[in-house]
Amino acid sequence: MATTSLTSSSTNKSIYRRVWSVVREILARLGVTSLGLLMLAIFLLPLAYVLSTSLKLDSQLTTPGAPLWPASPSTYNYEGTDYPLYDIPTEDGVRRLALVGPHREDSDVVDPDHPEQGVFNIKGRWRTWDAVYRFDPTLQNFYDAWRQVNFLRLFRNSLLLSTISTIGTLIACILVAYGFTRFQLPGKNILFVILISTIVLPPQATIVPLYILFNKLGWTGTWLPLLVPAFFANAYDVFLLRQYFMSIPRELDEAAMIDGANPFRILVSIIIPQAVPAITAVTIFHFFFVWNQYFEPLVYLLGKEKLYPISVGIGAFVTTFGNYPGRSAATAVLAMLLPAVMFFLAQRQFMQGIVVTGVEK
Amino acid sequence: MKKLLYILSLLIIASMVLAACGGGAAAPTSAPAQNEAPATEPPAATEPPAAEATEAPAGEPTAVPTPTIPPPVLTEGEGCDPAATRITWFIGLGAGSQPNDVEKEKAWVDKFNASQTEACVLMNVVYNTGSNSYDALRALIAGGNAPDIVGPVGKAGRANFQGAWADITPLADAAGFDLSAYDPNLLEFTKDEGILVGIPFALFPSFIYYNKKLFDEAQLPYPPHKVGEQYDGKEWNYDTLRELSMKLTVDANGNDATSADFDPANVVQFGFYPQWTDARGIGSLFGGGLPYDPADPTKAVIPENWVAAWKWYYNGMWTDHFIPTSDYANSDQFGKGNVFSSGNLAMSQVHTWYTCCFDLSKTSWDIAVMPSYNGQITAKLHGDTFAIMQDSKNKEVAFKVLSQMVVAPELYQIYGGMPAKVEDRPAFFASLDERSAPNMIDWSVAEEMLKYPDLPNHEAWTPNPAVVKNILDTFRTTMDQTPDLNLDEAIAQLKLDLEAALKDAQ
Amino acid sequence: MSAVTQTNMTSARLRSRVSAHTRRQWTWGLLFLLPWIIGFFAFQLLPIVFTVFLSFTDYAATSEFKLGNFNFVGFENYQRLLTDQIALPSMGVTLKFALIGIPLGLVIPLLMALLVNSRRLIASNIFRTLFYLPTVIPVVAGAIIFNGVLNSQSGWLNLSLKALGVAEPPRWFSDPAWAGFALNLLAIWAVGNAMIILLAGLQGVPTELYEAATVDGAGPITQFFYITVPMISPVIFYNVTIGVIGAFQYFVPALLIGGTNGNPQGSLMFFPMHFYREAFVYSHMGYASVLAVIIFVVTMAATGVLFYFGQRMVYYASGEVS
């Protein structure tokens with residue numbers, strides 16, 4: 001802007017200003033990003049715990065004094081058996097010795113550098129010595145999990161269930177939310193209260209009546225109880241879309257109406273393009289809701305293992321955390337990978353959102 | 001929006017690709033699952049398969065898109081005679097739903113289905129997380145879809161469905177099954193409210209599992225394998241166990257619990273833990289008992305020996321520190337509740353079924369007899385069974401299956417139960433020896449401990465069983481979680497709560 | 001299609017009284033609401049009616065639900081409420097959870113949404129994904145993970161606190177004073193959906209508004225309170241409402257961690273858990289239904305209050321005040 005025909009001092013000033021604004025921008029980015037990293041670190045602590053557990057052998061978790069990161073004890077093979085190495089403080093400084101026979105106040109050890117000296121006894125408490133560990137993540141748990149769980153079939157079932165259910169929900173909920181926002185209906189508010197009331201009962205109260213219903217319909221043992229209701233709208237998503245539709249100004253649809261467009265056309269060509277962020281939110285929201293549904297698929301698909309979604313299929317593996325922590329954590333990590341990738345792809349829609357709304361206005 | 005559709009179609013393509021590789025040989029007939037599945041369910045055969053199409057609302061694409069998944073391949077019932085009666089076997093209220101167990105159960109079911117033409121057993125397996133297997137069973141019952149056989153299930157599991165179990169006696173009579181061949185005590189043990197709800201099939205005595213490595217480290221002798229044997233010159237009783245356990249409890253600096261320098265906040269190894277039991281189970285260390293007066297079932301009674309055992313247990317946790325508190329027991333170092341399996345526990349009282357849940361071949365372990373209290377030895381006993389549901393539509397056929405289940409050696413081996421018949425035991429122990437080699441386990445201890453059951457049993461029936469159980473569970477957890485608890489007051493409160501629950505049952 | 005003709009008949013009866021425009025509005029509006037109206041009568045009404053029905057019976061759900069397997073008991077179940085020792089304390093647990101959880105469940109995802117919406121955040125794609133990740137973990141696994149992370153001996157949280165110099169960090173799920181708050185932490189961990197919804201709201205704010213405000217010399221804080229908050233108030237209102245409904249249903253993680261008795265010492269005995277225990281553990285379906293009806297009534301009342309007062313504070317650009 002300020003580059004043409006100015007005195008040298010003001011040019012300097014403007015360069016200074018521009019440099020400063022660049023520096024400020026960089027500082028702001030670094031500041032915001034480090035704030036983000038800090039929040040992320042707190043958020044990801046539980047996940048780091050799971051990931052670390054999945055890369056450890058189960059024995060590491062229960063070994064007193066073992067590090068939190070995946071590691072294995074350094075050992076020394078003496079006469080056919082592996083013994084752990086310890087850094088042991090002695091009169092001649094710290095020595096690295098293999099612990100053959102631990103006892104309370106003294107222990108039998110062997111010197112890896114001089115195995116010919118044989119086993120000798122050394123004073124001191126072995127529990128206070130430092131065991132020697134090396135970084136050693138294992139993929140054994142992932143191998144076990146993959147071998148025992150039919151991930152491909154479970155992922156396929158979950159993808160199909162979630163995708164079909166999400167399509168149904170999107171179609172139905174967009175229509176219904178549109179009906180609730182742009183039309184003067186008598187008793188609309190009462191209808192909306194009734195809509196909200198359908199999600200107020202605790203889900204456990206609906207288990208028995210819905211099972212009775214679906215069993216009478218002959219739908220148990222199939223995906224129908226999980227899919228069909230999605231095509232008839234639910235309050236969570238209708239409510240969200242309604243909130244969003246209501247914050248879209250009416251000028252454009254009123255103009256279109258004067259031009260003779262019917263309400264369905266207005267929905268498709270005016271409302272939906274402006275509501276892309278909300279529709280994306282509902283898509284993600286509902287997709288992963290179905291993905292994580294546990295009890296419903298479990299009870300409706302009982303005995304039909306080939307139809308199980310991933311949530312039910314890994315249930316027995318994830319929850320045996322006490323007996324097989326490594327395998328359990330590895331199963332959880334594997335089950336998380338696909339949703340993470342899908343979310344990563346879907347959330348780019350939010351960048352898109354800015355462009356679309358910008359153009360439309 | 002276009003992008004969204006693009007992603008959705010990507011997902012569909014992805015699932016089809018997965019269908020191609022994951023579905024394997026099952027894929028050739030592309031009949032939609034929705035239409036196929038109801039037809040395989042006998043009661044639903046009359047339902048029009050395309051029911052969903054007629055319900056599609058106006059303004060929507062005509063019908064539910066038909067997913068391209070292969071038709072459901074029944075994992076059960078393939079070898080069945082087409083005319084055979086379908087018998088559903090529900091697994092999930094106790095043992096048997098671990099992935100490894102399910103494989104073996106399936107093998108037995110396949111073998112059984114192929115061996116006869118009358119019954120076709122279908123398995124319904126729910127791994128219990130929290131309580132969902134109980135909820136699922138509840139929905140099945142209410143929906144008129146009750147399974148025929150449920151098991152293995154213990155007293156506690158059955159208590160949640162009080163009144164839902166069929167009386168076995170008339171079924172046995174009708175089938176000509178001789179119940180008198182069983183020990184009357186065992187039959188009594190399998191009764192709820194005086195009704196026989198199952199056939200005894202396997203026994204699970206308890207004893208002390210001990211970790212030899214930790215005894216060697218402390219240079220202490222192993223606990224006795226024979227009733228009446230002394231330990232290190234002392235009577236093998238709970239005082240001796242306490243002393244021994246304290247020596248086997250060590251903090252991070254290598255001090256044991258008898259030392260003045262011992263740091264209870266940094267324990268790395270514990271001496272003793274009655275693993276995976278409840279308040280009645282702990283009380284039964286010092287002898288059996290009932291929490292009510294059988295002569296007047298509205299009156300709560302706390303047996304004196306239970307009070308003594310609870311005090312011994314509570315002090316062992318919070319004063320002498322040789323028993324892990326719930327924070328320790330559920331920590332990573334102590335196996336998240338599976339404490340003996342962590343290798344940092346010297347001794348644990350558990351039943352024979354515990355052979356399910358730790359590394360039998362890599363742990364250096366053996367078993368020892370229970371110590372005595374006032375000269376009396378008590379080794380609490382479990383006896384899970386299979387039960388038939390009152391709402392089962394084919395009780396007679398279900399009983400025929402049941403009578404085969406209780407004699408199948410494959411099944412009691414899965415659940416780690418000692419066969420009720422003495423002559424079957426050597427084969428059972430041999431199968432365990434195979435799994436635990438190179439460790440040689442002294443199984444005579446298990447047979448010996450069978451002679452000292454807790455009477456009355458710690459799982460015996462009580463009025464209002466589910467509520468009574470919850471009250472006792474709360475008391476137990478409070479002991480495990482609360483330092484400086486006034487135990488006498490807590491027990492007095494327990495008695496009041498129990499009395500209210502017992503009165504409520506009337 | 002029959003439903004459409006029905007609507008036409010309804011409007012025919014009213015033809016004399018309303019204008020053609022209004023009629024057109026009704027017809028189209030009902031047409032769009034139709035999927036839900038069918039779904040309501042097909043699937044959503046049944047559980048409510050069933051629950052109210054059961055509250056007048058002694059059904060135990062240990063046998064098939066059919067006549068003969070239960071008796072009508074009038075208001076007996078409702079009378080029992082008067083002697084219920086657990087109802088009030090458990091409602092207290094639920095209210096405490098809600099009072100901490102609802103504000104936190106709004107502020108923290110809003111911070112996250114602002115952060116990942118910021119142009120200044122490097123690699124915001126990855127941040128969004130990682131913040132959302134805990135939400136795709138099933139509840140059962142989440143409870144197990146938190147049980148591990150919050151264990152007072154080996155949990156990574158207490159190990160971190162000890163490393164930061166806290167001598168005696170809380171015993172979380174073993175201490176009645178901390179257990180409820182620990183569940184609030186678990187709830188905050190999985191706020192990905194709220195973040196996404198608020199993010200969608202932020203994306204809907206026209207950028208011209210910020211440009212105009214900057215020209216007028218408004219700073220970022222002024223812009224946040226005078227532009228961002230009013231513009232996203234519809235989705236904030238949504239989050240609060242859903243938060244209230246969710247808080248009155250909340251108990252599954254508590255069950256997975258503290259069991260059906262709300263250990264430690266009843267501090268996790270949420271009101272819905274009381275309902276659940278009566279229904280599914282004690283087989284008192286009738287009395288449990290009374291408790292479910294209470295949850296229904298209390299939640300509807302709370303939602304009603306929210307709508308009554310909240311709607312005035314919400315700004316809808318379409319000009320609607322419903």
# chains A, B, ... in the order shown; residues from 1 in each chain; ligands from 1
call {"tool": "closest_atom_pairs", "arguments": {"of": "chain A", "to": "chain B", "cutoff": "6 Å", "atoms": "only C-alpha atoms", "output": "JSON lines"}}
result
{"residue": "A:Leu61", "atom": "CA", "partner": "B:Gln333", "partner_atom": "CA", "distance": 5.8}
{"residue": "A:Thr62", "atom": "CA", "partner": "B:Gln333", "partner_atom": "CA", "distance": 3.9}
{"residue": "A:Pro102", "atom": "CA", "partner": "B:Glu217", "partner_atom": "CA", "distance": 5.6}
{"residue": "A:His103", "atom": "CA", "partner": "B:Glu217", "partner_atom": "CA", "distance": 4.5}
{"residue": "A:Arg104", "atom": "CA", "partner": "B:Ala218", "partner_atom": "CA", "distance": 5.9}
{"residue": "A:Arg127", "atom": "CA", "partner": "B:Gly254", "partner_atom": "CA", "distance": 5.6}
{"residue": "A:Thr128", "atom": "CA", "partner": "B:Asn253", "partner_atom": "CA", "distance": 5.6}
{"residue": "A:Leu152", "atom": "CA", "partner": "B:Gly22", "partner_atom": "CA", "distance": 4.9}
{"residue": "A:Arg153", "atom": "CA", "partner": "B:Gly22", "partner_atom": "CA", "distance": 4.8}
{"residue": "A:Arg156", "atom": "CA", "partner": "B:Ser15", "partner_atom": "CA", "distance": 4.9}
{"residue": "A:Leu159", "atom": "CA", "partner": "B:Ser15", "partner_atom": "CA", "distance": 5.9}
{"residue": "A:Val208", "atom": "CA", "partner": "B:Ala139", "partner_atom": "CA", "distance": 5.1}
{"residue": "A:Ile212", "atom": "CA", "partner": "B:Gly143", "partner_atom": "CA", "distance": 4.2}
{"residue": "A:Gly218", "atom": "CA", "partner": "B:Ala44", "partner_atom": "CA", "distance": 4.6}
{"residue": "A:Thr222", "atom": "CA", "partner": "B:Ala37", "partner_atom": "CA", "distance": 5.7}
{"residue": "A:Val299", "atom": "CA", "partner": "B:Ala136", "partner_atom": "CA", "distance": 5.5}
{"residue": "A:Leu302", "atom": "CA", "partner": "B:Asn124", "partner_atom": "CA", "distance": 5.9}
{"residue": "A:Gly303", "atom": "CA", "partner": "B:Asn124", "partner_atom": "CA", "distance": 4.5}
{"residue": "A:Lys306", "atom": "CA", "partner": "B:Pro72", "partner_atom": "CA", "distance": 5.9}
{"residue": "A:Ala316", "atom": "CA", "partner": "B:Tyr127", "partner_atom": "CA", "distance": 5.4}
{"residue": "A:Gly322", "atom": "CA", "partner": "B:Lys336", "partner_atom": "CA", "distance": 4.9}
call {"tool": "interface_residues", "arguments": {"of": "chain A", "to": "chain C", "cutoff": "6 Å", "atoms": "only C-alpha atoms", "output": "short mmCIF file (atom, residue, chain, number, x, y, z; two decimals) with C-alpha atoms, in the first residue's frame"}}
result
data_model
loop_
_atom_site.label_atom_id
_atom_site.label_comp_id
_atom_site.auth_asym_id
_atom_site.auth_seq_id
_atom_site.Cartn_x
_atom_site.Cartn_y
_atom_site.Cartn_z
CA ARG A 29 0.73 -18.68 15.61
CA VAL A 32 -1.89 -20.37 19.80
CA THR A 33 -0.27 -23.61 18.69
CA LEU A 175 -36.72 -32.53 6.15
CA VAL A 176 -38.16 -32.43 9.65
CA GLY A 179 -40.58 -28.29 8.57
CA PHE A 183 -43.56 -23.06 8.19
CA LEU A 185 -48.02 -24.51 11.78
CA THR A 198 -38.82 -38.61 22.99
CA VAL A 200 -35.80 -37.68 27.77
CA LEU A 201 -36.42 -41.19 29.12
CA PRO A 202 -33.19 -42.93 30.11
CA THR A 206 -36.60 -48.24 26.34
CA PRO A 209 -40.49 -52.20 25.19
CA PHE A 232 -37.77 -41.49 10.79
CA ALA A 233 -35.74 -38.68 12.37
CA GLN A 243 -31.15 -24.27 15.65
CA MET A 246 -33.16 -20.67 12.32
CA SER A 247 -29.96 -18.67 12.25
CA ILE A 248 -30.01 -18.51 8.46
CA PRO A 249 -31.59 -15.21 7.34
CA ARG A 250 -34.85 -15.47 5.41
CA PRO A 277 -21.21 -27.03 8.66
CA ALA A 278 -24.23 -28.14 10.67
CA ALA A 281 -21.65 -31.95 12.35
CA ASN A 292 -20.17 -46.80 19.21
CA PHE A 344 -9.77 -36.65 9.58
#
call {"tool": "residues_around", "arguments": {"residues": "segment 258-265 of chain C", "least_positions_apart": "5", "cutoff": "12 Å", "atoms": "only C-alpha atoms", "output": "PyMOL selection string"}}
result
(chain B and resi 129-131+326-327+466-482+485+490) or (chain C and resi 86+89-90+93-94+143-144+147+171-180+182-183+251-253+270-282)
call {"tool": "atom_distance", "arguments": {"atom1": "atom CA of Lys311 of chain B", "atom2": "atom CA of Met269 of chain C"}}
result
26.8 Å
call {"tool": "closest_residue", "arguments": {"among": "A:Ile15, A:Ile272, A:Ala205, A:Ala71", "to": "Leu241 of chain A", "atoms": "only C-alpha atoms"}}
result
A:Ile272
call {"tool": "closest_residue", "arguments": {"among": "B:Ala181, B:Ala159, B:Ile199, B:Ile149", "to": "chain C", "atoms": "only C-alpha atoms"}}
result
B:Ala159
call {"tool": "select_by_dssp", "arguments": {"residues": "segment 6-135 of chain C", "states": "alpha helix (DSSP H)", "output": "NGL selection string"}}
result
:C and (6-14 or 20-39 or 45-54 or 76-80 or 87-117 or 124-132)
call {"tool": "write_last_selection", "arguments": {"atoms": "C-alpha atoms", "output": "mmCIF file, in the first residue's frame"}}
result
data_model
loop_
_atom_site.group_PDB
_atom_site.id
_atom_site.type_symbol
_atom_site.label_atom_id
_atom_site.label_comp_id
_atom_site.auth_asym_id
_atom_site.auth_seq_id
_atom_site.Cartn_x
_atom_site.Cartn_y
_atom_site.Cartn_z
ATOM 1 C CA GLN C 6 -55.418 -36.924 5.330
ATOM 2 C CA THR C 7 -53.707 -33.574 5.576
ATOM 3 C CA ASN C 8 -55.723 -32.385 2.616
ATOM 4 C CA MET C 9 -58.919 -33.409 4.329
ATOM 5 C CA THR C 10 -57.927 -31.591 7.478
ATOM 6 C CA SER C 11 -57.282 -28.464 5.497
ATOM 7 C CA ALA C 12 -60.556 -28.896 3.602
ATOM 8 C CA ARG C 13 -62.468 -28.648 6.827
ATOM 9 C CA LEU C 14 -60.702 -25.439 7.717
ATOM 10 C CA ALA C 20 -54.740 -20.025 0.738
ATOM 11 C CA HIS C 21 -51.265 -19.031 1.821
ATOM 12 C CA THR C 22 -51.707 -20.398 5.319
ATOM 13 C CA ARG C 23 -53.158 -23.601 3.938
ATOM 14 C CA ARG C 24 -50.165 -24.017 1.696
ATOM 15 C CA GLN C 25 -47.922 -23.453 4.699
ATOM 16 C CA TRP C 26 -49.716 -26.135 6.713
ATOM 17 C CA THR C 27 -49.664 -28.681 3.938
ATOM 18 C CA TRP C 28 -45.989 -28.282 3.199
ATOM 19 C CA GLY C 29 -45.026 -28.051 6.850
ATOM 20 C CA LEU C 30 -46.852 -31.234 7.762
ATOM 21 C CA LEU C 31 -45.400 -32.963 4.731
ATOM 22 C CA PHE C 32 -41.906 -32.174 5.964
ATOM 23 C CA LEU C 33 -42.736 -33.257 9.497
ATOM 24 C CA LEU C 34 -44.233 -36.507 8.265
ATOM 25 C CA PRO C 35 -41.132 -38.728 8.659
ATOM 26 C CA TRP C 36 -40.938 -37.846 12.297
ATOM 27 C CA ILE C 37 -44.669 -38.104 12.933
ATOM 28 C CA ILE C 38 -44.645 -41.649 11.535
ATOM 29 C CA GLY C 39 -41.501 -42.486 13.506
ATOM 30 C CA LEU C 45 -44.153 -43.229 21.653
ATOM 31 C CA LEU C 46 -44.148 -46.864 22.758
ATOM 32 C CA PRO C 47 -41.400 -46.648 25.433
ATOM 33 C CA ILE C 48 -43.087 -43.659 27.068
ATOM 34 C CA VAL C 49 -46.515 -45.293 27.155
ATOM 35 C CA PHE C 50 -44.976 -48.583 28.270
ATOM 36 C CA THR C 51 -43.127 -46.930 31.141
ATOM 37 C CA VAL C 52 -46.218 -45.131 32.394
ATOM 38 C CA PHE C 53 -48.213 -48.359 32.047
ATOM 39 C CA LEU C 54 -45.654 -50.401 33.988
ATOM 40 C CA GLU C 76 -48.889 -48.488 45.174
ATOM 41 C CA ASN C 77 -45.583 -47.923 43.379
ATOM 42 C CA TYR C 78 -46.006 -44.172 43.694
ATOM 43 C CA GLN C 79 -46.687 -44.530 47.417
ATOM 44 C CA ARG C 80 -43.477 -46.439 47.816
ATOM 45 C CA ALA C 87 -34.272 -41.323 45.866
ATOM 46 C CA LEU C 88 -33.274 -37.990 47.393
ATOM 47 C CA PRO C 89 -29.549 -38.601 47.945
ATOM 48 C CA SER C 90 -29.235 -40.037 44.444
ATOM 49 C CA MET C 91 -30.985 -37.026 42.962
ATOM 50 C CA GLY C 92 -28.391 -34.972 44.856
ATOM 51 C CA VAL C 93 -25.569 -36.914 43.189
ATOM 52 C CA THR C 94 -27.151 -36.304 39.788
ATOM 53 C CA LEU C 95 -27.669 -32.585 40.449
ATOM 54 C CA LYS C 96 -24.105 -32.136 41.655
ATOM 55 C CA PHE C 97 -22.820 -33.850 38.555
ATOM 56 C CA ALA C 98 -25.030 -31.639 36.393
ATOM 57 C CA LEU C 99 -24.048 -28.394 38.108
ATOM 58 C CA ILE C 100 -20.348 -29.064 37.511
ATOM 59 C CA GLY C 101 -20.695 -30.929 34.267
ATOM 60 C CA ILE C 102 -23.008 -28.693 32.252
ATOM 61 C CA PRO C 103 -20.946 -25.467 32.522
ATOM 62 C CA LEU C 104 -17.675 -27.351 31.972
ATOM 63 C CA GLY C 105 -19.266 -29.230 29.090
ATOM 64 C CA LEU C 106 -19.965 -25.891 27.424
ATOM 65 C CA VAL C 107 -16.866 -23.849 28.213
ATOM 66 C CA ILE C 108 -14.213 -26.434 27.442
ATOM 67 C CA PRO C 109 -15.536 -27.527 24.044
ATOM 68 C CA LEU C 110 -16.078 -23.851 23.216
ATOM 69 C CA LEU C 111 -12.416 -23.160 23.990
ATOM 70 C CA MET C 112 -11.463 -26.138 21.876
ATOM 71 C CA ALA C 113 -13.699 -25.029 19.027
ATOM 72 C CA LEU C 114 -12.266 -21.495 19.127
ATOM 73 C CA LEU C 115 -8.781 -22.950 19.155
ATOM 74 C CA VAL C 116 -9.231 -25.298 16.209
ATOM 75 C CA ASN C 117 -11.169 -22.618 14.329
ATOM 76 C CA SER C 124 -5.537 -27.424 12.877
ATOM 77 C CA ASN C 125 -6.709 -30.521 10.974
ATOM 78 C CA ILE C 126 -4.615 -32.715 13.198
ATOM 79 C CA PHE C 127 -5.678 -30.870 16.337
ATOM 80 C CA ARG C 128 -9.335 -31.355 15.471
ATOM 81 C CA THR C 129 -8.834 -35.039 14.869
ATOM 82 C CA LEU C 130 -6.894 -35.602 18.072
ATOM 83 C CA PHE C 131 -9.345 -33.614 20.181
ATOM 84 C CA TYR C 132 -12.160 -35.668 18.713
#
call {"tool": "select_by_dssp", "arguments": {"residues": "segment 298-435 of chain B", "states": "strand (DSSP E)", "output": "list in words"}}
result
Thr298, Lys299, Ala300, Leu345, Ala346, Met347, Ser348, Gln349, Val350, His351, Trp365, Asp366, Ile367, Ala368, Ser372, Tyr373, Gln376, Ile377, Leu381, His382, Thr385, Phe386, Ala387, Ile388, Met418 and Pro419 of chain B
call {"tool": "decode", "arguments": {"residues": "segment 186-258 of chain A", "atoms": "C-alpha atoms", "output": "short mmCIF file (atom, residue, chain, number, x, y, z; two decimals), in the first residue's frame"}}
result
data_model
loop_
_atom_site.label_atom_id
_atom_site.label_comp_id
_atom_site.auth_asym_id
_atom_site.auth_seq_id
_atom_site.Cartn_x
_atom_site.Cartn_y
_atom_site.Cartn_z
CA PRO A 186 -50.65 -24.45 14.51
CA GLY A 187 -49.26 -26.08 17.65
CA LYS A 188 -45.76 -26.18 16.26
CA ASN A 189 -44.25 -25.45 19.66
CA ILE A 190 -46.20 -28.25 21.28
CA LEU A 191 -45.07 -30.61 18.55
CA PHE A 192 -41.50 -29.55 19.23
CA VAL A 193 -41.87 -30.21 22.95
CA ILE A 194 -43.21 -33.66 22.10
CA LEU A 195 -40.21 -34.20 19.86
CA ILE A 196 -37.83 -33.32 22.69
CA SER A 197 -39.74 -35.57 25.09
CA THR A 198 -38.82 -38.61 22.99
CA ILE A 199 -35.18 -38.44 24.13
CA VAL A 200 -35.80 -37.68 27.77
CA LEU A 201 -36.42 -41.19 29.12
CA PRO A 202 -33.19 -42.93 30.11
CA PRO A 203 -32.25 -45.26 27.24
CA GLN A 204 -32.39 -48.24 29.61
CA ALA A 205 -36.11 -47.65 30.06
CA THR A 206 -36.60 -48.24 26.34
CA ILE A 207 -34.75 -51.57 26.21
CA VAL A 208 -37.63 -53.84 27.17
CA PRO A 209 -40.49 -52.20 25.19
CA LEU A 210 -38.39 -51.85 22.05
CA TYR A 211 -37.14 -55.42 22.28
CA ILE A 212 -40.71 -56.64 22.63
CA LEU A 213 -41.73 -54.53 19.62
CA PHE A 214 -38.90 -55.65 17.37
CA ASN A 215 -39.28 -59.25 18.40
CA LYS A 216 -43.00 -59.13 17.54
CA LEU A 217 -42.08 -57.61 14.18
CA GLY A 218 -39.64 -60.49 13.67
CA TRP A 219 -36.74 -58.09 13.25
CA THR A 220 -34.50 -59.47 15.98
CA GLY A 221 -31.50 -61.24 14.57
CA THR A 222 -31.29 -58.69 11.72
CA TRP A 223 -30.06 -55.16 11.26
CA LEU A 224 -33.58 -53.78 10.83
CA PRO A 225 -34.05 -52.57 14.45
CA LEU A 226 -30.76 -50.68 14.12
CA LEU A 227 -31.45 -49.14 10.71
CA VAL A 228 -35.16 -48.56 10.14
CA PRO A 229 -35.77 -46.08 13.00
CA ALA A 230 -32.97 -43.90 11.63
CA PHE A 231 -35.13 -43.12 8.59
CA PHE A 232 -37.77 -41.49 10.79
CA ALA A 233 -35.74 -38.68 12.37
CA ASN A 234 -34.52 -38.27 15.93
CA ALA A 235 -34.78 -35.32 18.27
CA TYR A 236 -31.03 -34.79 18.79
CA ASP A 237 -30.30 -34.13 15.15
CA VAL A 238 -33.56 -32.37 14.28
CA PHE A 239 -33.05 -29.99 17.19
CA LEU A 240 -29.49 -29.18 16.13
CA LEU A 241 -30.42 -28.60 12.50
CA ARG A 242 -33.41 -26.50 13.56
CA GLN A 243 -31.15 -24.27 15.65
CA TYR A 244 -28.88 -23.81 12.69
CA PHE A 245 -31.62 -23.31 10.10
CA MET A 246 -33.16 -20.67 12.32
CA SER A 247 -29.96 -18.67 12.25
CA ILE A 248 -30.01 -18.51 8.46
CA PRO A 249 -31.59 -15.21 7.34
CA ARG A 250 -34.85 -15.47 5.41
CA GLU A 251 -34.11 -12.95 2.65
CA LEU A 252 -32.85 -15.53 0.17
CA ASP A 253 -35.68 -18.03 0.56
CA GLU A 254 -38.29 -15.28 0.52
CA ALA A 255 -36.82 -14.00 -2.74
CA ALA A 256 -36.89 -17.53 -4.17
CA MET A 257 -40.45 -18.00 -3.06
CA ILE A 258 -41.51 -14.86 -4.87
#
